[in-house]
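Colleague: Contents are mmCIF, C-alpha atoms and all ligand atoms; file name start22.cif:
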data_work
loop_
_atom_site.label_atom_id
_atom_site.label_comp_id
_atom_site.auth_asym_id
_atom_site.auth_seq_id
_atom_site.Cartn_x
_atom_site.Cartn_y
_atom_site.Cartn_z
CA GLU A 1 0.00 0.00 0.00
CA PRO A 2 2.47 2.77 0.92
CA GLY A 3 3.47 4.23 -2.42
CA GLY A 4 1.48 1.70 -4.43
CA PRO A 5 -1.85 2.48 -6.02
CA ALA A 6 -5.04 2.04 -4.02
CA PRO A 7 -6.98 -1.15 -4.73
CA ARG A 8 -9.15 -1.37 -7.79
CA ARG A 9 -12.38 -1.60 -5.82
CA VAL A 10 -13.05 0.90 -3.07
CA LEU A 11 -15.96 2.04 -0.95
CA LEU A 12 -16.15 5.78 -0.41
CA LYS A 13 -18.08 7.08 2.59
CA LEU A 14 -19.33 10.57 1.90
CA SER A 15 -21.20 12.30 4.69
CA GLY A 16 -24.19 14.47 3.92
CA GLU A 17 -22.19 17.36 5.27
CA ALA A 18 -19.71 16.98 2.40
CA LEU A 19 -22.50 17.82 -0.03
CA ALA A 20 -23.54 20.86 1.96
CA GLY A 21 -20.34 22.81 1.47
CA GLY A 22 -19.61 25.48 4.07
CA GLY A 23 -23.18 25.92 5.21
CA GLY A 24 -23.60 22.44 6.69
CA VAL A 25 -27.19 22.06 5.51
CA GLY A 26 -28.82 21.35 2.18
CA ILE A 27 -27.03 20.55 -1.07
CA ASP A 28 -24.54 23.05 -2.41
CA PRO A 29 -24.52 22.91 -6.22
CA ALA A 30 -20.81 23.70 -6.54
CA GLU A 31 -19.80 21.03 -4.00
CA LEU A 32 -22.17 18.47 -5.51
CA SER A 33 -20.66 19.03 -8.94
CA ARG A 34 -17.07 19.06 -7.69
CA LEU A 35 -17.49 15.79 -5.79
CA ALA A 36 -19.28 14.16 -8.72
CA GLY A 37 -16.44 15.30 -10.97
CA GLU A 38 -13.84 13.79 -8.66
CA ILE A 39 -15.72 10.50 -8.48
CA ALA A 40 -16.07 10.52 -12.28
CA ALA A 41 -12.31 11.07 -12.61
CA VAL A 42 -11.39 8.05 -10.49
CA ALA A 43 -14.02 5.91 -12.22
CA ARG A 44 -12.36 6.86 -15.52
CA LEU A 45 -9.03 5.70 -14.14
CA GLY A 46 -10.61 2.24 -14.03
CA ALA A 47 -11.42 2.08 -10.34
CA GLN A 48 -14.60 0.37 -9.20
CA VAL A 49 -16.24 2.86 -6.88
CA GLY A 50 -19.05 2.20 -4.43
CA VAL A 51 -20.29 5.22 -2.49
CA VAL A 52 -22.25 5.27 0.74
CA VAL A 53 -23.87 8.67 1.11
CA GLY A 54 -24.99 10.10 4.42
CA GLY A 55 -27.97 12.31 5.02
CA GLY A 56 -26.99 14.60 7.88
CA ASN A 57 -27.14 17.68 5.63
CA LEU A 58 -30.88 17.14 5.29
CA LEU A 59 -32.02 15.30 8.38
CA ARG A 60 -30.79 13.30 11.35
CA GLY A 61 -33.08 11.06 13.37
CA ALA A 62 -31.43 12.02 16.66
CA GLY A 63 -31.69 15.69 15.67
CA LEU A 64 -35.46 15.46 15.29
CA GLU A 65 -35.65 13.86 18.70
CA ALA A 66 -33.52 16.64 20.15
CA ALA A 67 -35.73 19.23 18.47
CA GLY A 68 -38.62 17.91 20.53
CA LEU A 69 -40.55 16.29 17.70
CA ALA A 70 -40.88 13.14 19.79
CA ALA A 71 -43.44 15.06 21.87
CA ALA A 72 -45.54 15.41 18.71
CA GLY A 73 -45.30 11.68 18.05
CA VAL A 74 -42.34 11.70 15.67
CA ASP A 75 -40.28 9.24 17.65
CA ARG A 76 -36.68 8.24 17.09
CA VAL A 77 -37.54 5.30 14.87
CA THR A 78 -39.66 7.51 12.60
CA GLY A 79 -36.90 10.10 12.60
CA ASP A 80 -34.39 7.47 11.53
CA HIS A 81 -36.68 6.33 8.74
CA MET A 82 -36.79 9.95 7.58
CA GLY A 83 -33.00 10.19 7.89
CA MET A 84 -32.58 7.14 5.68
CA LEU A 85 -34.85 8.69 3.07
CA ALA A 86 -32.65 11.80 3.22
CA THR A 87 -29.72 9.64 2.11
CA VAL A 88 -31.83 8.46 -0.85
CA MET A 89 -32.33 12.09 -1.87
CA ASN A 90 -28.59 12.78 -1.67
CA ALA A 91 -27.84 9.65 -3.69
CA LEU A 92 -30.27 10.69 -6.43
CA ALA A 93 -28.61 14.11 -6.61
CA MET A 94 -25.16 12.49 -6.75
CA ARG A 95 -26.14 10.15 -9.56
CA ALA A 96 -27.59 13.00 -11.61
CA ALA A 97 -24.50 15.14 -11.05
CA LEU A 98 -22.25 12.21 -11.96
CA ARG A 99 -24.10 11.72 -15.22
CA ARG A 100 -23.43 15.37 -16.03
CA HIS A 101 -19.75 14.44 -15.79
CA GLY A 102 -20.27 11.63 -18.27
CA VAL A 103 -20.23 8.65 -15.91
CA GLU A 104 -23.18 6.37 -15.17
CA GLY A 105 -24.27 5.59 -11.66
CA ARG A 106 -26.89 3.40 -10.02
CA VAL A 107 -28.65 3.92 -6.72
CA LEU A 108 -29.11 0.79 -4.62
CA SER A 109 -31.34 1.36 -1.63
CA ALA A 110 -31.58 -0.66 1.56
CA LEU A 111 -35.21 0.46 1.82
CA GLN A 112 -37.61 -0.26 -1.00
CA VAL A 113 -38.07 2.88 -3.12
CA GLU A 114 -38.88 0.95 -6.22
CA HIS A 115 -39.61 3.69 -8.71
CA LEU A 116 -36.32 5.45 -8.15
CA THR A 117 -33.80 2.92 -6.93
CA GLU A 118 -32.83 -0.73 -7.16
CA PRO A 119 -32.72 -3.12 -4.23
CA ALA A 120 -29.39 -3.30 -2.45
CA SER A 121 -27.73 -6.63 -3.07
CA PRO A 122 -24.02 -7.38 -3.24
CA ASP A 123 -24.37 -9.34 -6.48
CA ARG A 124 -26.22 -6.52 -8.15
CA ALA A 125 -23.66 -4.01 -6.91
CA LEU A 126 -20.78 -6.12 -8.25
CA ARG A 127 -22.44 -6.47 -11.65
CA HIS A 128 -22.84 -2.70 -11.94
CA LEU A 129 -19.28 -2.07 -10.77
CA ALA A 130 -17.92 -4.54 -13.31
CA LYS A 131 -19.65 -2.50 -16.02
CA GLY A 132 -17.93 0.66 -14.88
CA ARG A 133 -20.94 2.16 -13.13
CA VAL A 134 -20.55 3.94 -9.84
CA VAL A 135 -22.83 2.39 -7.23
CA PHE A 136 -24.46 4.69 -4.69
CA PHE A 137 -25.66 2.77 -1.66
CA ALA A 138 -28.59 4.64 -0.10
CA ALA A 139 -30.79 4.26 2.98
CA GLY A 140 -27.86 3.19 5.14
CA THR A 141 -28.32 -0.25 6.64
CA GLY A 142 -32.11 -0.01 6.30
CA ASN A 143 -32.44 -0.09 10.09
CA PRO A 144 -32.97 2.64 12.67
CA PHE A 145 -30.29 3.29 15.30
CA PHE A 146 -27.50 2.66 12.82
CA THR A 147 -25.41 5.17 10.92
CA THR A 148 -24.20 5.48 7.38
CA ASP A 149 -20.68 4.84 8.73
CA SER A 150 -21.86 1.38 9.75
CA ALA A 151 -23.50 1.01 6.35
CA ALA A 152 -20.17 1.94 4.73
CA ALA A 153 -18.36 -0.75 6.73
CA LEU A 154 -21.05 -3.27 5.85
CA ARG A 155 -21.07 -2.48 2.12
CA ALA A 156 -17.27 -2.37 1.91
CA ILE A 157 -17.12 -5.86 3.38
CA GLU A 158 -20.02 -7.13 1.25
CA ILE A 159 -18.42 -6.06 -2.03
CA SER A 160 -14.92 -7.10 -0.88
CA ALA A 161 -13.55 -3.60 -1.33
CA GLY A 162 -9.81 -3.35 -0.85
CA LEU A 163 -10.15 -0.14 1.10
CA LEU A 164 -12.79 1.97 2.78
CA LEU A 165 -12.20 5.65 2.11
CA LYS A 166 -13.69 7.76 4.86
CA ALA A 167 -14.01 11.27 3.49
CA THR A 168 -13.89 13.97 6.17
CA LYS A 169 -13.07 17.64 6.48
CA VAL A 170 -9.90 17.04 8.48
CA ASP A 171 -6.67 15.60 7.10
CA GLY A 172 -6.65 12.45 9.20
CA VAL A 173 -6.94 11.09 12.71
CA TYR A 174 -5.30 13.04 15.54
CA SER A 175 -4.23 11.92 18.99
CA ASP A 176 -6.37 14.74 20.41
CA ASP A 177 -8.51 17.63 19.15
CA PRO A 178 -5.98 19.66 17.12
CA VAL A 179 -8.02 22.85 17.59
CA ARG A 180 -7.90 22.70 21.39
CA ASN A 181 -4.57 20.93 21.82
CA PRO A 182 -1.61 22.21 19.77
CA GLN A 183 0.38 19.13 20.88
CA ALA A 184 -2.06 16.82 19.09
CA ARG A 185 -0.33 14.83 16.38
CA ARG A 186 -1.73 13.23 13.26
CA TYR A 187 -1.33 9.50 12.83
CA GLU A 188 -0.06 8.24 9.50
CA ARG A 189 -1.04 4.71 10.45
CA LEU A 190 -3.14 3.51 13.32
CA GLY A 191 -4.22 0.07 14.52
CA PHE A 192 -7.91 -0.71 15.03
CA ASP A 193 -7.22 -1.73 18.61
CA GLU A 194 -5.65 1.60 19.48
CA ALA A 195 -8.34 3.55 17.62
CA LEU A 196 -11.05 1.65 19.50
CA GLU A 197 -9.29 1.73 22.86
CA ARG A 198 -8.60 5.44 22.74
CA ARG A 199 -11.94 6.14 21.09
CA LEU A 200 -10.27 8.16 18.38
CA GLY A 201 -13.02 9.63 16.27
CA VAL A 202 -12.55 7.67 13.06
CA MET A 203 -16.06 6.28 12.65
CA ASP A 204 -18.63 5.11 15.16
CA LEU A 205 -17.80 2.05 17.24
CA THR A 206 -20.10 -0.32 15.35
CA ALA A 207 -18.46 0.62 12.05
CA MET A 208 -14.96 0.35 13.51
CA GLU A 209 -15.68 -3.01 15.10
CA LEU A 210 -17.01 -4.40 11.81
CA CYS A 211 -13.90 -3.21 9.96
CA ARG A 212 -11.61 -4.62 12.64
CA GLN A 213 -13.32 -8.01 12.61
CA HIS A 214 -13.14 -8.29 8.84
CA GLY A 215 -9.75 -6.72 8.28
CA MET A 216 -11.16 -3.86 6.22
CA PRO A 217 -8.56 -1.06 6.12
CA VAL A 218 -9.86 2.49 6.37
CA ARG A 219 -8.17 5.59 5.00
CA VAL A 220 -9.39 8.81 6.59
CA PHE A 221 -8.69 11.77 4.32
CA ASP A 222 -9.72 15.37 3.70
CA VAL A 223 -12.17 15.45 0.80
CA THR A 224 -12.58 19.23 0.95
CA VAL A 225 -9.22 19.62 -0.83
CA PRO A 226 -9.86 19.37 -4.58
CA GLY A 227 -8.01 16.43 -6.14
CA ASN A 228 -7.55 14.47 -2.91
CA LEU A 229 -9.79 11.61 -3.93
CA GLU A 230 -7.72 11.01 -7.05
CA ARG A 231 -4.48 11.40 -5.04
CA VAL A 232 -5.63 8.71 -2.64
CA MET A 233 -6.60 6.44 -5.53
CA ARG A 234 -3.19 6.96 -7.09
CA GLY A 235 -1.61 5.71 -3.89
CA GLU A 236 -0.58 8.90 -2.13
CA PRO A 237 -0.58 8.23 1.60
CA LEU A 238 -2.86 11.11 2.53
CA GLY A 239 -4.49 11.34 5.94
CA THR A 240 -4.45 8.29 8.20
CA LEU A 241 -4.57 4.60 7.39
CA VAL A 242 -6.38 2.58 10.04
CA GLU A 243 -5.74 -1.14 9.73
N1 LIG B 301 -29.91 6.26 9.47
C1 LIG B 301 -30.49 5.13 10.02
N2 LIG B 301 -29.92 3.90 9.77
C2 LIG B 301 -28.82 3.75 9.00
C3 LIG B 301 -28.22 4.91 8.46
C4 LIG B 301 -28.78 6.15 8.70
O1 LIG B 301 -31.49 5.22 10.72
O2 LIG B 301 -28.38 2.61 8.79
C5 LIG B 301 -30.58 7.58 9.66
C6 LIG B 301 -30.23 8.25 10.98
O3 LIG B 301 -31.37 8.97 11.42
C7 LIG B 301 -29.14 9.22 10.59
C8 LIG B 301 -29.59 9.65 9.20
O4 LIG B 301 -30.15 8.48 8.65
O5 LIG B 301 -29.06 10.31 11.47
C9 LIG B 301 -28.49 10.18 8.32
O6 LIG B 301 -27.37 9.32 8.37
P1 LIG B 301 -25.97 9.77 9.01
O7 LIG B 301 -26.23 10.59 10.23
O8 LIG B 301 -25.11 8.58 9.16
O9 LIG B 301 -25.42 10.71 7.85
P2 LIG B 301 -24.04 11.53 7.76
O10 LIG B 301 -23.62 11.91 9.16
O11 LIG B 301 -23.03 10.61 7.15
O12 LIG B 301 -24.35 12.68 6.88
#
Written as structure tokens, how would this file's structure read?

Modeller:
Amino acid sequence: EPGGPAPRRVLLKLSGEALAGGGGVGIDPAELSRLAGEIAAVARLGAQVGVVVGGGNLLRGAGLEAAGLAAAGVDRVTGDHMGMLATVMNALAMRAALRRHGVEGRVLSALQVEHLTEPASPDRALRHLAKGRVVFFAAGTGNPFFTTDSAAALRAIEISAGLLLKATKVDGVYSDDPVRNPQARRYERLGFDEALERRLGVMDLTAMELCRQHGMPVRVFDVTVPGNLERVMRGEPLGTLVE
């Protein structure tokens, strides 16, 4: 891995926030187009790219609960269902933007949305990937109380990706919060055990535990820097490799 190109098949985890640009909410047209362009570029290099998209830019189940909607009957489970549908909306936008860049995509949803998406199945995903289509996995795991990070771990393992790329807005995993602690240092490599033990904010614990159990390496990198996705795919050791 160090120096060598990234594996041919990868799973990219893109949070909803990444689509929102600076504002944090909604879909920013410039960011949507830039990210789609970057995904199109790596697909053109011959990489098989699966993408798990989050939904936090539109809606979070826990956020609804916190906003007091539970009192009106919109409980956490309903909120999570809504959150999963938010990821479907993001995936549809991503696929459309990708097409604008000349690359085909398919949306596979863990919840049945039959007019707009296809059912999520590993075989179906692999068939699309083999044809050069980018596969957007939507609706997370299909279950409340999970996150799209866990869905990313699950899908990466299901399609036997060589690497899970966790796109963030920081350039890797730090020993402490680099904003509050100037002594904090960035890891170039990090073991799952240490990441779990020290609760270093890579992904949630369920996602991390799945990756650890199945030996799925995770590269945490800064997707807000234009060109970084392609750099990672070309083998540049950006960010932090957790393995
Ligand atoms: N969600 C869920 N089950 C899943 C994945 C997501 O219920 O398997 C819901 C949950 O409400 C979550 C929302 O969808 O808050 C959006 O997902 P997430 O917060 O993971 O998005 P991200 O932070 O990546 O934008």

Colleague: For Asn228 in chain A, please output as a PDB file with C-alpha atoms, in the coordinates of the input all residues within 8 Å (counting all atoms listed in the file; exclusion window: fewer than 6 positions along the same chain).

Modeller:
ATOM      1  CA  PHE A 221      -8.690  11.770   4.320  1.00  0.00           C
ATOM      2  CA  ASP A 222      -9.720  15.370   3.700  1.00  0.00           C
ATOM      3  CA  LEU A 238      -2.860  11.110   2.530  1.00  0.00           C
TER       4      LEU A 238
END

Colleague: Write out as a ChimeraX atom specification which residues come within 10 Å of Val134 in chain A when counting all atoms listed in the file, dropping same-chain ones fewer than 6 positions away.

Modeller: /A:39-40,43,47-51,95,98,103-107,125,128

Colleague: Which protein, DNA or RNA residues have an atom within 8 Å of ligand LIG 301 (chain B), counting only C-alpha atoms and all ligand atoms, as a ChimeraX atom specification?

Modeller: /A:13-18,53-63,76-77,79-87,139-151

Colleague: Would you write out those residues with C-alpha atoms, as a PDB file, in the coordinates of the input?

Modeller:
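The result, written out as part19.pdb:
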ATOM      1  CA  LYS A  13     -18.080   7.080   2.590  1.00  0.00           C
ATOM      2  CA  LEU A  14     -19.330  10.570   1.900  1.00  0.00           C
ATOM      3  CA  SER A  15     -21.200  12.300   4.690  1.00  0.00           C
ATOM      4  CA  GLY A  16     -24.190  14.470   3.920  1.00  0.00           C
ATOM      5  CA  GLU A  17     -22.190  17.360   5.270  1.00  0.00           C
ATOM      6  CA  ALA A  18     -19.710  16.980   2.400  1.00  0.00           C
ATOM      7  CA  VAL A  53     -23.870   8.670   1.110  1.00  0.00           C
ATOM      8  CA  GLY A  54     -24.990  10.100   4.420  1.00  0.00           C
ATOM      9  CA  GLY A  55     -27.970  12.310   5.020  1.00  0.00           C
ATOM     10  CA  GLY A  56     -26.990  14.600   7.880  1.00  0.00           C
ATOM     11  CA  ASN A  57     -27.140  17.680   5.630  1.00  0.00           C
ATOM     12  CA  LEU A  58     -30.880  17.140   5.290  1.00  0.00           C
ATOM     13  CA  LEU A  59     -32.020  15.300   8.380  1.00  0.00           C
ATOM     14  CA  ARG A  60     -30.790  13.300  11.350  1.00  0.00           C
ATOM     15  CA  GLY A  61     -33.080  11.060  13.370  1.00  0.00           C
ATOM     16  CA  ALA A  62     -31.430  12.020  16.660  1.00  0.00           C
ATOM     17  CA  GLY A  63     -31.690  15.690  15.670  1.00  0.00           C
ATOM     18  CA  ARG A  76     -36.680   8.240  17.090  1.00  0.00           C
ATOM     19  CA  VAL A  77     -37.540   5.300  14.870  1.00  0.00           C
ATOM     20  CA  GLY A  79     -36.900  10.100  12.600  1.00  0.00           C
ATOM     21  CA  ASP A  80     -34.390   7.470  11.530  1.00  0.00           C
ATOM     22  CA  HIS A  81     -36.680   6.330   8.740  1.00  0.00           C
ATOM     23  CA  MET A  82     -36.790   9.950   7.580  1.00  0.00           C
ATOM     24  CA  GLY A  83     -33.000  10.190   7.890  1.00  0.00           C
ATOM     25  CA  MET A  84     -32.580   7.140   5.680  1.00  0.00           C
ATOM     26  CA  LEU A  85     -34.850   8.690   3.070  1.00  0.00           C
ATOM     27  CA  ALA A  86     -32.650  11.800   3.220  1.00  0.00           C
ATOM     28  CA  THR A  87     -29.720   9.640   2.110  1.00  0.00           C
ATOM     29  CA  ALA A 139     -30.790   4.260   2.980  1.00  0.00           C
ATOM     30  CA  GLY A 140     -27.860   3.190   5.140  1.00  0.00           C
ATOM     31  CA  THR A 141     -28.320  -0.250   6.640  1.00  0.00           C
ATOM     32  CA  GLY A 142     -32.110  -0.010   6.300  1.00  0.00           C
ATOM     33  CA  ASN A 143     -32.440  -0.090  10.090  1.00  0.00           C
ATOM     34  CA  PRO A 144     -32.970   2.640  12.670  1.00  0.00           C
ATOM     35  CA  PHE A 145     -30.290   3.290  15.300  1.00  0.00           C
ATOM     36  CA  PHE A 146     -27.500   2.660  12.820  1.00  0.00           C
ATOM     37  CA  THR A 147     -25.410   5.170  10.920  1.00  0.00           C
ATOM     38  CA  THR A 148     -24.200   5.480   7.380  1.00  0.00           C
ATOM     39  CA  ASP A 149     -20.680   4.840   8.730  1.00  0.00           C
ATOM     40  CA  SER A 150     -21.860   1.380   9.750  1.00  0.00           C
ATOM     41  CA  ALA A 151     -23.500   1.010   6.350  1.00  0.00           C
TER      42      ALA A 151
END

Colleague: Identify which of the residues A:Ala207, A:Arg9, A:Gln183, A:Gly21 lies closest to Leu45 in chain A, counting all atoms listed in the file when measuring atom-to-atom distances.

Modeller: A:Arg9

Colleague: Calculated over all atoms listed in the file, which of the candidates A:Asp75, A:Glu197, A:Glu236, A:Glu243 has the smallest distance to Gly162 in chain A?

Modeller: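 So, comparing all the options, the nearest one is A:Glu243.
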